[in-house]
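S.K.: Quick one: this structure, given as structure tokens, is what I'll be asking you about.
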Amino acid sequence: MNWIRKEVRKMEQTAKTQDRLNIAHGIYKLAFDSIAQDPVVTDGDKYSVVLENERVRVLRYHDKPGDRTLQHAHSDYVLYAESSFKRRLTFPDGRKQGVDVKAGSVGWMKGHIHIGENIGDTNTDVILVELKEDRTLDKTEKDLK
């Protein structure tokens with residue numbers, strides 16, 4: 001009977017330790033993911049600010065084949081591709097997505113965190129217009145009156 005109690009105590013201690021580890025991991029992930037990893041800070045050699053005001057921030061991005069960014073965050077944005085390029089995006093959950101973008105294309109992206117890697121044989125040249133606030137049509141109409 002004593003050995004059962006000992007085993008139960010071991011299991012309880014293991015469970016408590018695992019719970020603490022899970023909580024610590026969750027706190028770390030939440031803190032890491034919630035910190036705004038500004039791409040101009042993480043990859044200032046690739047990103048530059050073209051224009052910034054209270055509504056938008058316009059970024060120019062340039063890299064070469066084989067270049068890779070550090071993990072960073074973008075708010076909702078519009079992307080204009082000045083060149084054609086191939087990239088691999090890696091998201092915090094480990095998911096990877098390849099993209100093949102043609103020069104002149106324009107796209108809308110919801111805010112997200114990623115690592116970008118130029119996997120093609122051409123430079124990447126884009127303009128990003130990051131939105132600084134969420135403004136609905138209704139809110140904009142009220143502001144005009």
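Letters A, B, ... go to the chains of the structure tokens in the order shown; residues in each chain start at 1; ligands are counted from 1 in the same order.
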Identify, on the basis of only C-alpha atoms, every residue whose closest approach to stretch 69-84 of chain A does not exceed 7 Å; exclude the query and any residue fewer than 6 positions from it along the same chain; express the result as a PyMOL selection string.
M.R.: chain A and resi 36-39+42-43+101-117+124-131
S.K.: Assign secondary structure with DSSP using the backbone only, and return the residues of chain A in strand (DSSP E or B) as a PyMOL selection string.
M.R.: chain A and resi 47-52+56-63+68+72-74+77-81+85-90+96-101+106-109+112-118+124-131
S.K.: When DSSP is applied to the backbone of this structure, which of chain A are assigned helix (DSSP H, G or I)? Write them out as an NGL selection string.
M.R.: :A and (2-34 or 39-42 or 137-144)
S.K.: So how far away is atom CA of A:Arg87 from atom CA of A:Asn118, in Å?
M.R.: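 Atom CA of A:Asn118 sits 4.6 Å away from atom CA of A:Arg87.
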S.K.: Which residue is closest to A:Asp100? Choose from A:Asp19, A:Asp121, A:Glu12, A:Glu54 and count only C-alpha atoms.
M.R.: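 Closest to A:Asp100 of all the choices is A:Asp121.
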S.K.: Write out as number ranges by chain which residues come within 9 Å of A:Tyr47 when counting only C-alpha atoms, dropping same-chain ones fewer than 3 positions away.
M.R.: A: 39-44, 59-63
